[in-house]
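Peer 1: I am attaching a structure below and will ask some questions about it afterwards.
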Amino acid sequence: RNFKSRTACRNDINRLIAPFLAIYESLIPPEEEKGKQKQLMKLLEKLVSKEWPEARLYLYGSCANSFGVSKSDVDVCMAFEDPDVNKPEVLLKLAEILESDNLQNVQALTRARVPIVKLMDPATGISCDICINNVLAVVNTKLLRDYAKIDVRLRQLVFIVKHWAKSRGVNETYQGTLSSYAYVLMCIHFLQQRQPAILPCLQGMERTYAVTVDDIECAYFDQVDELSGFGSRNRESIAQLVWAFFNYWAYCHDYTNNVISIRTGSIISKRAKDWTRRVGNDRHLICIEDPFETSHDLGRVVDRNSIGVLREEFERAAEIMQNDPNPCVTLFEPY
Ligand code: ATP
Ligand code: MG
């Protein structure tokens, strides 16, 4: 493994810049999608405020973190001042209201890990999930969006990695592979580690933004306009970064001992986090620390079987980037 990691890329990597950028551009949602999302939010705000004037609606997830590809679902959080609001009750009532306003496929999933109402808006064709009081997700959405403003290569890398993960079937948490959120954290971590760094560690800088959510202090430097030239000393192209990203996860990451942490901008040890053994269903076979909920390992969904699937996919991708004559096609072939 180590030998492979030191091998330079045999492919003439820079001939891949244009095709990778073309894939990136083809995935960017057209401007009109934003308008449709706003239209749906207005409708939801109207319906919600009639029943719950004190509630506020926030967009979160890929429609708000700038890592959403075209036609993504919209994630909405309904926030109440009362932390102990009865979620199943609110969700069932909300489902009733949405149905009587002719929204389609309305479903209240009150027993899910994150209880939600699902709906489809026939006017815009948008599918939407609404959850309650998941304010940490709203705050981590802002953190991701702020990172994306610093260097465009983050957004490019995430779009390509998400597209690869969806094509290869390794973006399914219910099957033990990783969430889109986990992949974004992997990309941020990776760009923090480049020499010279392409991204800073915002949580290690002066705190210009701070909120406390569910007893967790979330604070970081959010004046990111001041950091727009941060990564410019590093001239690596998107093609080199895609190659190096897969090479890192295929051959360089120490799965036995290490945790990636964008909070610290570094690697920390599993021992320091006490993530060395299985507790209940949490196995810690690939460790990705949540930036705010630091006891939360985004890799905990990964099991003995799916870690093998994931690592084989990383190796396949690294191999393709290294040797395949046409990586921009082969990388995304359906599994
Ligand atoms: P996609 O384009 O695949 O829908 P997404 O950015 O919406 O991607 P998801 O993984 O569906 O990503 O997650 C939506 C949001 O929910 C994330 O941006 C994050 O704020 C939050 N989230 C998801 N999974 C977790 C998790 N395990 N822990 C904490 N927050 C999470
Ligand atoms: Mg989503």
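In the structure tokens, chains take letters A, B, ... by order of appearance, with residues numbered from 1 within each chain and ligands from 1 in the order shown.
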Taking 3 positions as the minimum chain separation for residues in the same chain, which residues sit within 9 Å of Gln240 in chain A when counting only C-alpha atoms? Answer as a list of chain:residue names.
Peer 2: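 Using only C-alpha atoms, the neighbours found are A:Cys9, A:Ile13, A:Asn14, A:Leu16, A:Ile17, A:Glu236, A:Ser237, A:Trp243, A:Ala244, A:Phe245.
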Peer 1: Give me every strand (DSSP E) residue in range 49-209 of chain A, going by DSSP on the backbone, as a PyMOL selection string.
Peer 2: chain A and resi 56-60+74-79+104-109+116-121+126-132+209
Peer 1: Need to verify the contact set: Gly68 in chain A, 9 Å, only C-alpha atoms, exclusion of same-chain residues closer than 4 positions in sequence. Can you return it as a PyMOL selection string?
Peer 2: chain A and resi 27-29+61-64+72-73+159
Peer 1: Store the residues picked out above, limited to all heavy atoms, as a PDB file, in the first residue's frame.
Peer 2:
ATOM      1  N   LEU A  27     -23.266  19.415 -13.380  1.00  0.00           N
ATOM      2  CA  LEU A  27     -23.998  19.048 -12.159  1.00  0.00           C
ATOM      3  C   LEU A  27     -24.542  20.262 -11.401  1.00  0.00           C
ATOM      4  O   LEU A  27     -25.402  20.125 -10.527  1.00  0.00           O
ATOM      5  CB  LEU A  27     -23.082  18.237 -11.232  1.00  0.00           C
ATOM      6  CG  LEU A  27     -22.637  16.860 -11.748  1.00  0.00           C
ATOM      7  CD1 LEU A  27     -21.505  16.307 -10.880  1.00  0.00           C
ATOM      8  CD2 LEU A  27     -23.809  15.884 -11.776  1.00  0.00           C
ATOM      9  N   ILE A  28     -24.041  21.458 -11.723  1.00  0.00           N
ATOM     10  CA  ILE A  28     -24.484  22.664 -11.014  1.00  0.00           C
ATOM     11  C   ILE A  28     -25.962  22.917 -11.322  1.00  0.00           C
ATOM     12  O   ILE A  28     -26.363  22.873 -12.470  1.00  0.00           O
ATOM     13  CB  ILE A  28     -23.650  23.898 -11.448  1.00  0.00           C
ATOM     14  CG1 ILE A  28     -22.188  23.698 -11.056  1.00  0.00           C
ATOM     15  CG2 ILE A  28     -24.190  25.177 -10.830  1.00  0.00           C
ATOM     16  CD1 ILE A  28     -21.275  24.818 -11.534  1.00  0.00           C
ATOM     17  N   PRO A  29     -26.779  23.148 -10.288  1.00  0.00           N
ATOM     18  CA  PRO A  29     -28.201  23.379 -10.561  1.00  0.00           C
ATOM     19  C   PRO A  29     -28.406  24.690 -11.328  1.00  0.00           C
ATOM     20  O   PRO A  29     -27.735  25.681 -11.034  1.00  0.00           O
ATOM     21  CB  PRO A  29     -28.832  23.480  -9.172  1.00  0.00           C
ATOM     22  CG  PRO A  29     -27.760  23.301  -8.182  1.00  0.00           C
ATOM     23  CD  PRO A  29     -26.454  23.197  -8.861  1.00  0.00           C
ATOM     24  N   GLY A  61     -28.930  21.209   4.636  1.00  0.00           N
ATOM     25  CA  GLY A  61     -28.531  20.168   3.688  1.00  0.00           C
ATOM     26  C   GLY A  61     -28.088  20.753   2.359  1.00  0.00           C
ATOM     27  O   GLY A  61     -27.756  21.940   2.250  1.00  0.00           O
ATOM     28  N   SER A  62     -28.119  19.907   1.331  1.00  0.00           N
ATOM     29  CA  SER A  62     -27.418  20.275   0.098  1.00  0.00           C
ATOM     30  C   SER A  62     -28.049  21.446  -0.651  1.00  0.00           C
ATOM     31  O   SER A  62     -27.381  22.098  -1.439  1.00  0.00           O
ATOM     32  CB  SER A  62     -27.307  19.056  -0.821  1.00  0.00           C
ATOM     33  OG  SER A  62     -28.584  18.605  -1.163  1.00  0.00           O
ATOM     34  N   CYS A  63     -29.335  21.752  -0.402  1.00  0.00           N
ATOM     35  CA  CYS A  63     -29.900  22.910  -1.105  1.00  0.00           C
ATOM     36  C   CYS A  63     -29.394  24.214  -0.502  1.00  0.00           C
ATOM     37  O   CYS A  63     -29.549  25.279  -1.101  1.00  0.00           O
ATOM     38  CB  CYS A  63     -31.419  22.859  -1.097  1.00  0.00           C
ATOM     39  SG  CYS A  63     -32.093  22.788   0.553  1.00  0.00           S
ATOM     40  N   ALA A  64     -28.779  24.151   0.695  1.00  0.00           N
ATOM     41  CA  ALA A  64     -28.297  25.369   1.342  1.00  0.00           C
ATOM     42  C   ALA A  64     -26.790  25.365   1.595  1.00  0.00           C
ATOM     43  O   ALA A  64     -26.216  26.402   1.908  1.00  0.00           O
ATOM     44  CB  ALA A  64     -29.034  25.573   2.669  1.00  0.00           C
ATOM     45  N   SER A  72     -31.725  18.025  -6.499  1.00  0.00           N
ATOM     46  CA  SER A  72     -31.626  17.452  -5.145  1.00  0.00           C
ATOM     47  C   SER A  72     -32.939  17.679  -4.393  1.00  0.00           C
ATOM     48  O   SER A  72     -33.659  18.628  -4.680  1.00  0.00           O
ATOM     49  CB  SER A  72     -30.519  18.135  -4.348  1.00  0.00           C
ATOM     50  OG  SER A  72     -29.263  17.868  -4.881  1.00  0.00           O
ATOM     51  N   ASP A  73     -33.192  16.831  -3.423  1.00  0.00           N
ATOM     52  CA  ASP A  73     -34.306  17.084  -2.516  1.00  0.00           C
ATOM     53  C   ASP A  73     -33.996  18.304  -1.659  1.00  0.00           C
ATOM     54  O   ASP A  73     -32.836  18.616  -1.410  1.00  0.00           O
ATOM     55  CB  ASP A  73     -34.505  15.882  -1.576  1.00  0.00           C
ATOM     56  CG  ASP A  73     -35.018  14.670  -2.320  1.00  0.00           C
ATOM     57  OD1 ASP A  73     -35.222  14.770  -3.548  1.00  0.00           O
ATOM     58  OD2 ASP A  73     -35.221  13.632  -1.671  1.00  0.00           O
ATOM     59  N   PHE A 159     -18.493  17.832  -5.696  1.00  0.00           N
ATOM     60  CA  PHE A 159     -19.432  17.416  -6.754  1.00  0.00           C
ATOM     61  C   PHE A 159     -18.956  16.133  -7.424  1.00  0.00           C
ATOM     62  O   PHE A 159     -19.739  15.224  -7.680  1.00  0.00           O
ATOM     63  CB  PHE A 159     -19.582  18.527  -7.809  1.00  0.00           C
ATOM     64  CG  PHE A 159     -20.646  19.549  -7.495  1.00  0.00           C
ATOM     65  CD1 PHE A 159     -20.767  20.095  -6.228  1.00  0.00           C
ATOM     66  CD2 PHE A 159     -21.533  19.984  -8.474  1.00  0.00           C
ATOM     67  CE1 PHE A 159     -21.749  21.048  -5.936  1.00  0.00           C
ATOM     68  CE2 PHE A 159     -22.522  20.926  -8.191  1.00  0.00           C
ATOM     69  CZ  PHE A 159     -22.623  21.459  -6.927  1.00  0.00           C
TER      70      PHE A 159
END
Peer 1: Report as a VMD selection string which protein, DNA and RNA residues come within 10 Å of ligand 1, using only C-alpha atoms and all ligand atoms.
Peer 2: chain A and resid 59 to 77 114 129 134 to 145 159 162 to 163 165 to 166 171 to 173 178 to 184 289 to 293 296 to 301
Peer 1: Report, in Å with one decimal, the straight-line distance from CA of Asp303 in chain A to CA of Ile320 in chain A.
Peer 2: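 Atom-to-atom, CA of Asp303 in chain A to CA of Ile320 in chain A, that is 25.5 Å.
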Peer 1: Can you list, as a list in words, every protein, DNA or RNA residue that comes within 7 Å of Ile198 in chain A when you count only C-alpha atoms, leaving out same-chain residues fewer than 3 positions away?
Peer 2: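 Close residues of Ile198 in chain A: Leu191, Gln192, Arg194, Phe230, Gly231 and Asn234 of chain A.
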Peer 1: Check the DSSP output for the backbone and give back, as a PyMOL selection string, the residues of range 17-189 of chain A in helix (DSSP H, G or I).
Peer 2: chain A and resi 17-27+31-51+61-63+87-100+135-150+152-167+173-175+180-189
Peer 1: Which residue, A:Trp52, A:Tyr174, A:Cys201, A:Pro196, has the smallest gap to Ala112 in chain A when you use only C-alpha atoms?
Peer 2: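 Looking only at the distances to Ala112 in chain A, the closest residue turns out to be A:Tyr174.
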Peer 1: Under the rule that only C-alpha atoms and all ligand atoms are counted, which of A:Gln322, A:Ser49, A:Asn86, A:Ser127 is the nearest residue to ligand 2?
Peer 2: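 Looking only at the distances to ligand 2, the closest residue turns out to be A:Ser127.
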Peer 1: Calculated over only C-alpha atoms and all ligand atoms, which of the candidates A:Phe221, A:Cys128, A:Val211, A:Tyr335 has the smallest distance to ligand 2?
Peer 2: A:Cys128
Peer 1: Using Å and a single decimal, report how far CA of Ile132 in chain A sits from CA of Lys34 in chain A.
Peer 2: 22.8 Å
Peer 1: Pick out the closest residue to ligand 2 from this set: A:Ala148, A:Leu57, A:Ile130, A:Val48. Count only C-alpha atoms and all ligand atoms.
Peer 2: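 Closest residue, counting only C-alpha atoms and all ligand atoms: A:Ile130.
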Peer 1: Using only C-alpha atoms and all ligand atoms, find the one residue out of A:Met41, A:Leu21, A:Ile126, A:Met321 that sits nearest to ligand 2.
Peer 2: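 For ligand 2, the nearest of the candidates is A:Ile126.
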Peer 1: With distances taken over only C-alpha atoms, which residue among A:Arg153, A:Lys273, A:Arg311, A:Arg283 lies nearest Tyr248 in chain A?
Peer 2: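 That would be A:Arg311, the residue with the smallest distance to Tyr248 in chain A.
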Peer 1: Between CA of Val161 in chain A and CA of Ile23 in chain A, what distance in Å does the model show, to one decimal?
Peer 2: 11.2 Å
